[in-house]
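Trainee: Below: one structure in structure tokens.
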Amino acid sequence: MVDPRPPANPLFLREEDLRQGMELLFYAYRDFTFVADAMLEEFGFGRAHHRVIYFVGRKPGMTVSELLAILKITKQSLSRVLGALVEQGFVSQRPGERDRRQRLLELTEKGAELERRLSERQRSLIAAAYRGAGADAVEGFRKVLLGLINEEDRAALALPRRQP
């Protein structure tokens with residue numbers, strides 16, 4: 001569907017354009033997390049658990065410190081969330097190879113299956129939106145999202161995309 005309004009001029013963004021962008025992010029996040037939230041409830045988990053499962057799945061062997069840096073939550077909050085995931089068999093911990101004080105995190109088979117289930121609909125939503133928007137819009141969306149995150153994370157994520 002083509003939007004009948006003229007595109008926003010990036011040099012003169014009006015308050016209404018900015019508010020609409022914020023509103024769209026809220027609605028998109030609500031719909032993006034809806035199915036995953038229902039699945040997480042079955043285990044007594046919330047969105048913090050989902051983020052841990054997602055990022056540990058993306059980088060098996062990451063340290064607790066690396067996870068804390070990504071999530072920007074307190075050690076106490078992470079300890080509670082991680083403790084539940086370890087206790088229920090979704091995440092495993094092992095000592096670091098060079099520094100035995102480090103705890104390296106990995107999804108168990110059960111955790112990998114839950115991550116797959118949680119991400120399945122989200123990947124479908126993103127794929128459909130990307131297909132509908134087209135390649136130029138996808139790249140523009142990526143730039144907008146990079147512009148919303150802090151500079152340190154932006155630098156880490158602005159690396160060239162992997163080729164298929």
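Naming works like this for the structure tokens: A, B, ... for the chains as they're shown, residue 1 at the start of each chain, ligands 1 onward in shown order.
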At a cut-off of 10 Å, using only C-alpha atoms, what residues contact Phe32 of chain A? Leave out same-chain residues fewer than 4 positions from it and give the result as JSON, numbers by chain.
Mentor: {"A": [26, 27, 28, 36, 37, 119, 121, 122, 123, 124, 125, 126]}
Trainee: Can you spit out the residues from that selection as a PDB file, in the first residue's frame, using N, CA and C atoms?
Mentor:
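Everything below was put into selection-v5.pdb:
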ATOM      1  N   PHE A  26       6.375   2.107  19.289  1.00  0.00           N
ATOM      2  CA  PHE A  26       5.635   1.453  20.372  1.00  0.00           C
ATOM      3  C   PHE A  26       4.717   0.352  19.844  1.00  0.00           C
ATOM      4  N   TYR A  27       3.953   0.655  18.804  1.00  0.00           N
ATOM      5  CA  TYR A  27       3.051  -0.354  18.231  1.00  0.00           C
ATOM      6  C   TYR A  27       3.839  -1.523  17.638  1.00  0.00           C
ATOM      7  N   ALA A  28       4.909  -1.215  16.927  1.00  0.00           N
ATOM      8  CA  ALA A  28       5.711  -2.277  16.309  1.00  0.00           C
ATOM      9  C   ALA A  28       6.304  -3.192  17.381  1.00  0.00           C
ATOM     10  N   ALA A  36       5.989 -13.992  21.422  1.00  0.00           N
ATOM     11  CA  ALA A  36       7.093 -14.422  22.287  1.00  0.00           C
ATOM     12  C   ALA A  36       6.722 -14.246  23.757  1.00  0.00           C
ATOM     13  N   ASP A  37       6.073 -13.133  24.099  1.00  0.00           N
ATOM     14  CA  ASP A  37       5.667 -12.900  25.491  1.00  0.00           C
ATOM     15  C   ASP A  37       4.753 -14.024  25.992  1.00  0.00           C
ATOM     16  N   SER A 119      11.954 -16.781  18.252  1.00  0.00           N
ATOM     17  CA  SER A 119      12.385 -15.925  17.141  1.00  0.00           C
ATOM     18  C   SER A 119      11.641 -16.190  15.840  1.00  0.00           C
ATOM     19  N   ARG A 121       8.440 -16.301  14.772  1.00  0.00           N
ATOM     20  CA  ARG A 121       7.445 -15.316  14.321  1.00  0.00           C
ATOM     21  C   ARG A 121       8.081 -13.955  14.116  1.00  0.00           C
ATOM     22  N   GLN A 122       9.025 -13.612  14.954  1.00  0.00           N
ATOM     23  CA  GLN A 122       9.680 -12.317  14.815  1.00  0.00           C
ATOM     24  C   GLN A 122      10.448 -12.233  13.490  1.00  0.00           C
ATOM     25  N   ARG A 123      11.135 -13.303  13.133  1.00  0.00           N
ATOM     26  CA  ARG A 123      11.823 -13.326  11.832  1.00  0.00           C
ATOM     27  C   ARG A 123      10.821 -13.210  10.693  1.00  0.00           C
ATOM     28  N   SER A 124       9.681 -13.884  10.818  1.00  0.00           N
ATOM     29  CA  SER A 124       8.647 -13.811   9.785  1.00  0.00           C
ATOM     30  C   SER A 124       8.098 -12.395   9.638  1.00  0.00           C
ATOM     31  N   LEU A 125       7.852 -11.735  10.762  1.00  0.00           N
ATOM     32  CA  LEU A 125       7.355 -10.358  10.721  1.00  0.00           C
ATOM     33  C   LEU A 125       8.361  -9.433  10.035  1.00  0.00           C
ATOM     34  N   ILE A 126       9.619  -9.562  10.396  1.00  0.00           N
ATOM     35  CA  ILE A 126      10.651  -8.711   9.802  1.00  0.00           C
ATOM     36  C   ILE A 126      10.810  -9.022   8.323  1.00  0.00           C
TER      37      ILE A 126
END
Trainee: For segment 68-78 of chain A, please output as a PDB file with all heavy atoms, in the first residue's frame all residues within 9 Å (counting only C-alpha atoms; exclusion window: fewer than 2 positions along the same chain).
Mentor:
ATOM      1  N   ALA A  48      13.208  -9.933  29.821  1.00  0.00           N
ATOM      2  CA  ALA A  48      14.631  -9.998  30.180  1.00  0.00           C
ATOM      3  C   ALA A  48      15.181 -11.396  29.893  1.00  0.00           C
ATOM      4  O   ALA A  48      16.305 -11.542  29.395  1.00  0.00           O
ATOM      5  CB  ALA A  48      14.838  -9.628  31.647  1.00  0.00           C
ATOM      6  N   HIS A  49      14.399 -12.410  30.178  1.00  0.00           N
ATOM      7  CA  HIS A  49      14.813 -13.784  29.888  1.00  0.00           C
ATOM      8  C   HIS A  49      14.981 -13.968  28.375  1.00  0.00           C
ATOM      9  O   HIS A  49      15.925 -14.609  27.922  1.00  0.00           O
ATOM     10  CB  HIS A  49      13.775 -14.782  30.415  1.00  0.00           C
ATOM     11  CG  HIS A  49      13.614 -14.751  31.896  1.00  0.00           C
ATOM     12  ND1 HIS A  49      12.746 -13.874  32.518  1.00  0.00           N
ATOM     13  CD2 HIS A  49      14.196 -15.479  32.877  1.00  0.00           C
ATOM     14  CE1 HIS A  49      12.809 -14.067  33.829  1.00  0.00           C
ATOM     15  NE2 HIS A  49      13.680 -15.035  34.073  1.00  0.00           N
ATOM     16  N   ARG A  51      15.725 -11.681  26.142  1.00  0.00           N
ATOM     17  CA  ARG A  51      16.948 -11.005  25.674  1.00  0.00           C
ATOM     18  C   ARG A  51      18.186 -11.829  25.987  1.00  0.00           C
ATOM     19  O   ARG A  51      19.090 -11.942  25.158  1.00  0.00           O
ATOM     20  CB  ARG A  51      17.034  -9.603  26.273  1.00  0.00           C
ATOM     21  CG  ARG A  51      16.026  -8.644  25.642  1.00  0.00           C
ATOM     22  CD  ARG A  51      16.247  -7.215  26.085  1.00  0.00           C
ATOM     23  NE  ARG A  51      15.975  -6.987  27.488  1.00  0.00           N
ATOM     24  CZ  ARG A  51      14.781  -6.685  27.981  1.00  0.00           C
ATOM     25  NH1 ARG A  51      13.733  -6.577  27.181  1.00  0.00           N
ATOM     26  NH2 ARG A  51      14.617  -6.479  29.258  1.00  0.00           N
ATOM     27  N   VAL A  52      18.237 -12.429  27.172  1.00  0.00           N
ATOM     28  CA  VAL A  52      19.384 -13.277  27.518  1.00  0.00           C
ATOM     29  C   VAL A  52      19.458 -14.462  26.569  1.00  0.00           C
ATOM     30  O   VAL A  52      20.519 -14.761  26.004  1.00  0.00           O
ATOM     31  CB  VAL A  52      19.311 -13.754  28.989  1.00  0.00           C
ATOM     32  CG1 VAL A  52      20.334 -14.850  29.259  1.00  0.00           C
ATOM     33  CG2 VAL A  52      19.515 -12.578  29.944  1.00  0.00           C
ATOM     34  N   PHE A  55      20.630 -13.217  22.981  1.00  0.00           N
ATOM     35  CA  PHE A  55      22.029 -12.818  22.822  1.00  0.00           C
ATOM     36  C   PHE A  55      23.003 -13.956  23.115  1.00  0.00           C
ATOM     37  O   PHE A  55      24.029 -14.074  22.438  1.00  0.00           O
ATOM     38  CB  PHE A  55      22.350 -11.578  23.653  1.00  0.00           C
ATOM     39  CG  PHE A  55      21.796 -10.328  23.022  1.00  0.00           C
ATOM     40  CD1 PHE A  55      20.722  -9.670  23.589  1.00  0.00           C
ATOM     41  CD2 PHE A  55      22.324  -9.840  21.841  1.00  0.00           C
ATOM     42  CE1 PHE A  55      20.192  -8.535  22.986  1.00  0.00           C
ATOM     43  CE2 PHE A  55      21.804  -8.702  21.228  1.00  0.00           C
ATOM     44  CZ  PHE A  55      20.737  -8.051  21.803  1.00  0.00           C
ATOM     45  N   THR A  63      30.804 -14.069  27.695  1.00  0.00           N
ATOM     46  CA  THR A  63      30.974 -13.975  29.141  1.00  0.00           C
ATOM     47  C   THR A  63      29.787 -13.227  29.747  1.00  0.00           C
ATOM     48  O   THR A  63      29.059 -12.511  29.063  1.00  0.00           O
ATOM     49  CB  THR A  63      32.261 -13.214  29.501  1.00  0.00           C
ATOM     50  OG1 THR A  63      32.142 -11.856  29.064  1.00  0.00           O
ATOM     51  CG2 THR A  63      33.483 -13.871  28.885  1.00  0.00           C
ATOM     52  N   VAL A  64      29.649 -13.390  31.044  1.00  0.00           N
ATOM     53  CA  VAL A  64      28.609 -12.665  31.766  1.00  0.00           C
ATOM     54  C   VAL A  64      28.855 -11.159  31.621  1.00  0.00           C
ATOM     55  O   VAL A  64      27.914 -10.388  31.437  1.00  0.00           O
ATOM     56  CB  VAL A  64      28.562 -13.100  33.249  1.00  0.00           C
ATOM     57  CG1 VAL A  64      27.666 -12.190  34.064  1.00  0.00           C
ATOM     58  CG2 VAL A  64      28.097 -14.546  33.361  1.00  0.00           C
ATOM     59  N   SER A  65      30.111 -10.734  31.654  1.00  0.00           N
ATOM     60  CA  SER A  65      30.438  -9.309  31.497  1.00  0.00           C
ATOM     61  C   SER A  65      30.002  -8.786  30.139  1.00  0.00           C
ATOM     62  O   SER A  65      29.479  -7.670  30.030  1.00  0.00           O
ATOM     63  CB  SER A  65      31.937  -9.079  31.673  1.00  0.00           C
ATOM     64  OG  SER A  65      32.323  -9.379  32.982  1.00  0.00           O
ATOM     65  N   GLU A  66      30.214  -9.563  29.095  1.00  0.00           N
ATOM     66  CA  GLU A  66      29.778  -9.150  27.759  1.00  0.00           C
ATOM     67  C   GLU A  66      28.256  -9.017  27.706  1.00  0.00           C
ATOM     68  O   GLU A  66      27.726  -8.076  27.114  1.00  0.00           O
ATOM     69  CB  GLU A  66      30.244 -10.157  26.703  1.00  0.00           C
ATOM     70  CG  GLU A  66      31.728 -10.147  26.449  1.00  0.00           C
ATOM     71  CD  GLU A  66      32.181 -11.299  25.555  1.00  0.00           C
ATOM     72  OE1 GLU A  66      31.681 -12.436  25.717  1.00  0.00           O
ATOM     73  OE2 GLU A  66      33.054 -11.044  24.699  1.00  0.00           O
ATOM     74  N   ARG A  80      19.452 -12.863  38.713  1.00  0.00           N
ATOM     75  CA  ARG A  80      18.122 -13.451  38.918  1.00  0.00           C
ATOM     76  C   ARG A  80      17.633 -14.128  37.644  1.00  0.00           C
ATOM     77  O   ARG A  80      17.183 -15.272  37.655  1.00  0.00           O
ATOM     78  CB  ARG A  80      17.146 -12.353  39.359  1.00  0.00           C
ATOM     79  CG  ARG A  80      15.731 -12.813  39.621  1.00  0.00           C
ATOM     80  CD  ARG A  80      14.799 -11.659  39.959  1.00  0.00           C
ATOM     81  NE  ARG A  80      14.800 -10.573  38.996  1.00  0.00           N
ATOM     82  CZ  ARG A  80      14.178 -10.608  37.825  1.00  0.00           C
ATOM     83  NH1 ARG A  80      13.508 -11.682  37.462  1.00  0.00           N
ATOM     84  NH2 ARG A  80      14.221  -9.576  37.009  1.00  0.00           N
ATOM     85  N   VAL A  81      17.749 -13.420  36.510  1.00  0.00           N
ATOM     86  CA  VAL A  81      17.266 -13.934  35.229  1.00  0.00           C
ATOM     87  C   VAL A  81      18.101 -15.136  34.794  1.00  0.00           C
ATOM     88  O   VAL A  81      17.558 -16.190  34.422  1.00  0.00           O
ATOM     89  CB  VAL A  81      17.300 -12.807  34.164  1.00  0.00           C
ATOM     90  CG1 VAL A  81      17.080 -13.353  32.763  1.00  0.00           C
ATOM     91  CG2 VAL A  81      16.269 -11.739  34.501  1.00  0.00           C
ATOM     92  N   LEU A  82      19.407 -14.990  34.823  1.00  0.00           N
ATOM     93  CA  LEU A  82      20.305 -16.061  34.398  1.00  0.00           C
ATOM     94  C   LEU A  82      20.164 -17.282  35.303  1.00  0.00           C
ATOM     95  O   LEU A  82      20.167 -18.422  34.830  1.00  0.00           O
ATOM     96  CB  LEU A  82      21.744 -15.550  34.380  1.00  0.00           C
ATOM     97  CG  LEU A  82      22.790 -16.403  33.715  1.00  0.00           C
ATOM     98  CD1 LEU A  82      22.406 -16.769  32.286  1.00  0.00           C
ATOM     99  CD2 LEU A  82      24.133 -15.686  33.736  1.00  0.00           C
ATOM    100  N   GLY A  83      20.015 -17.028  36.596  1.00  0.00           N
ATOM    101  CA  GLY A  83      19.838 -18.135  37.541  1.00  0.00           C
ATOM    102  C   GLY A  83      18.639 -18.993  37.183  1.00  0.00           C
ATOM    103  O   GLY A  83      18.710 -20.233  37.203  1.00  0.00           O
ATOM    104  N   ASP A 153      27.605   0.916  20.941  1.00  0.00           N
ATOM    105  CA  ASP A 153      26.923  -0.200  20.287  1.00  0.00           C
ATOM    106  C   ASP A 153      26.804   0.038  18.786  1.00  0.00           C
ATOM    107  O   ASP A 153      26.929  -0.885  17.990  1.00  0.00           O
ATOM    108  CB  ASP A 153      25.537  -0.425  20.898  1.00  0.00           C
ATOM    109  CG  ASP A 153      25.604  -0.977  22.311  1.00  0.00           C
ATOM    110  OD1 ASP A 153      26.615  -1.620  22.652  1.00  0.00           O
ATOM    111  OD2 ASP A 153      24.656  -0.755  23.072  1.00  0.00           O
TER     112      ASP A 153
END
Trainee: For Leu118 of chain A, which residue out of A:Gly21, A:Gly46, A:Gly140, A:Gly134 is the nearest one, using only C-alpha atoms?
Mentor: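 Of the candidates, the smallest distance to Leu118 of chain A is held by A:Gly46.
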Trainee: What is the atom CA of Arg103 of chain A to atom CA of Leu67 of chain A distance in Å?
Mentor: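 Answer for the atom CA of Arg103 of chain A to atom CA of Leu67 of chain A separation: 10.7 Å.
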Trainee: Check segment 15-158 of chain A with DSSP on the backbone and list each residue it calls strand (DSSP E or B), as a list of chain:residue names.
Mentor: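 Result set for segment 15-158 of chain A (strand (DSSP E or B)): A:Met62, A:Thr63, A:Val91, A:Ser92, A:Gln93, A:Arg94, A:Pro95, A:Arg103, A:Leu104, A:Leu105, A:Glu106, A:Leu107.
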Trainee: Just give me the gap between atom CA of Arg101 of chain A and atom CA of Tyr54 of chain A in Å, one decimal is fine.
Mentor: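 Taking atom CA of Arg101 of chain A and atom CA of Tyr54 of chain A, their separation equals 23.6 Å.
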Trainee: Give me, as number ranges by chain, the residues of chain A that a backbone DSSP run labels alpha helix (DSSP H).
Mentor: A: 15-41, 47-58, 64-71, 75-87, 109-133, 135-148, 151-157
Trainee: Give the answer as one residue: which of A:Arg142, A:Leu13, A:Leu148, A:Arg116 has the shortest atom-to-atom distance to Tyr130 of chain A, using only C-alpha atoms?
Mentor: A:Arg142
Trainee: Can you list, as a list in words, every protein, DNA or RNA residue that comes within 8 Å of Glu115 of chain A when you count only C-alpha atoms, leaving out same-chain residues fewer than 6 positions away?
Mentor: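 Using only C-alpha atoms, the neighbours found are His50, Ile53, Tyr54 and Gly57 of chain A.
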Trainee: List the neighbours of segment 89-100 of chain A out to 8 Å using only C-alpha atoms; skip same-chain residues closer than 2 positions along the sequence, and give me the result as a PyMOL selection string.
Mentor: chain A and resi 53+82+85-87+102-112+114
Trainee: If you keep N, CA and C atoms, can you produce a file of those selected residues as a compact mmCIF listing (two decimals), in the first residue's frame?
Mentor:
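Ended up saving to selection-v6.txt:
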# COMPACT_ATOMS: atom_id res chain seq x y z
N ILE A 53 18.34 -15.14 26.37
CA ILE A 53 18.32 -16.29 25.46
C ILE A 53 18.74 -15.88 24.06
N LEU A 82 19.41 -14.99 34.82
CA LEU A 82 20.30 -16.06 34.40
C LEU A 82 20.16 -17.28 35.30
N LEU A 85 17.24 -19.28 34.21
CA LEU A 85 17.48 -19.97 32.93
C LEU A 85 18.42 -21.15 33.10
N VAL A 86 19.42 -21.01 33.96
CA VAL A 86 20.35 -22.12 34.24
C VAL A 86 19.61 -23.22 35.01
N GLU A 87 18.89 -22.82 36.04
CA GLU A 87 18.16 -23.78 36.88
C GLU A 87 17.18 -24.62 36.08
N GLN A 102 35.90 -16.31 34.91
CA GLN A 102 34.88 -15.97 33.92
C GLN A 102 33.85 -17.09 33.84
N ARG A 103 32.62 -16.69 33.53
CA ARG A 103 31.59 -17.68 33.25
C ARG A 103 31.18 -17.52 31.80
N LEU A 104 31.39 -18.57 31.03
CA LEU A 104 31.02 -18.56 29.61
C LEU A 104 29.63 -19.18 29.48
N LEU A 105 28.80 -18.52 28.70
CA LEU A 105 27.40 -18.90 28.60
C LEU A 105 27.08 -19.51 27.24
N GLU A 106 26.26 -20.53 27.26
CA GLU A 106 25.79 -21.17 26.02
C GLU A 106 24.36 -21.65 26.24
N LEU A 107 23.61 -21.68 25.16
CA LEU A 107 22.28 -22.27 25.23
C LEU A 107 22.43 -23.79 25.24
N THR A 108 21.61 -24.43 26.02
CA THR A 108 21.54 -25.88 25.97
C THR A 108 20.68 -26.24 24.75
N GLU A 109 20.52 -27.51 24.48
CA GLU A 109 19.62 -27.92 23.40
C GLU A 109 18.20 -27.39 23.65
N LYS A 110 17.77 -27.49 24.90
CA LYS A 110 16.45 -26.99 25.29
C LYS A 110 16.37 -25.47 25.08
N GLY A 111 17.45 -24.76 25.41
CA GLY A 111 17.49 -23.32 25.23
C GLY A 111 17.48 -22.92 23.76
N ALA A 112 18.22 -23.67 22.95
CA ALA A 112 18.28 -23.38 21.51
C ALA A 112 16.90 -23.59 20.87
N LEU A 114 13.99 -23.27 22.45
CA LEU A 114 13.15 -22.16 22.88
C LEU A 114 13.50 -20.89 22.09
Trainee: Would you compute the distance between atom CA of Gly61 of chain A and atom CA of Gly44 of chain A? Give it in Å to one decimal.
Mentor: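 Interatomic distance here is 25.1 Å.
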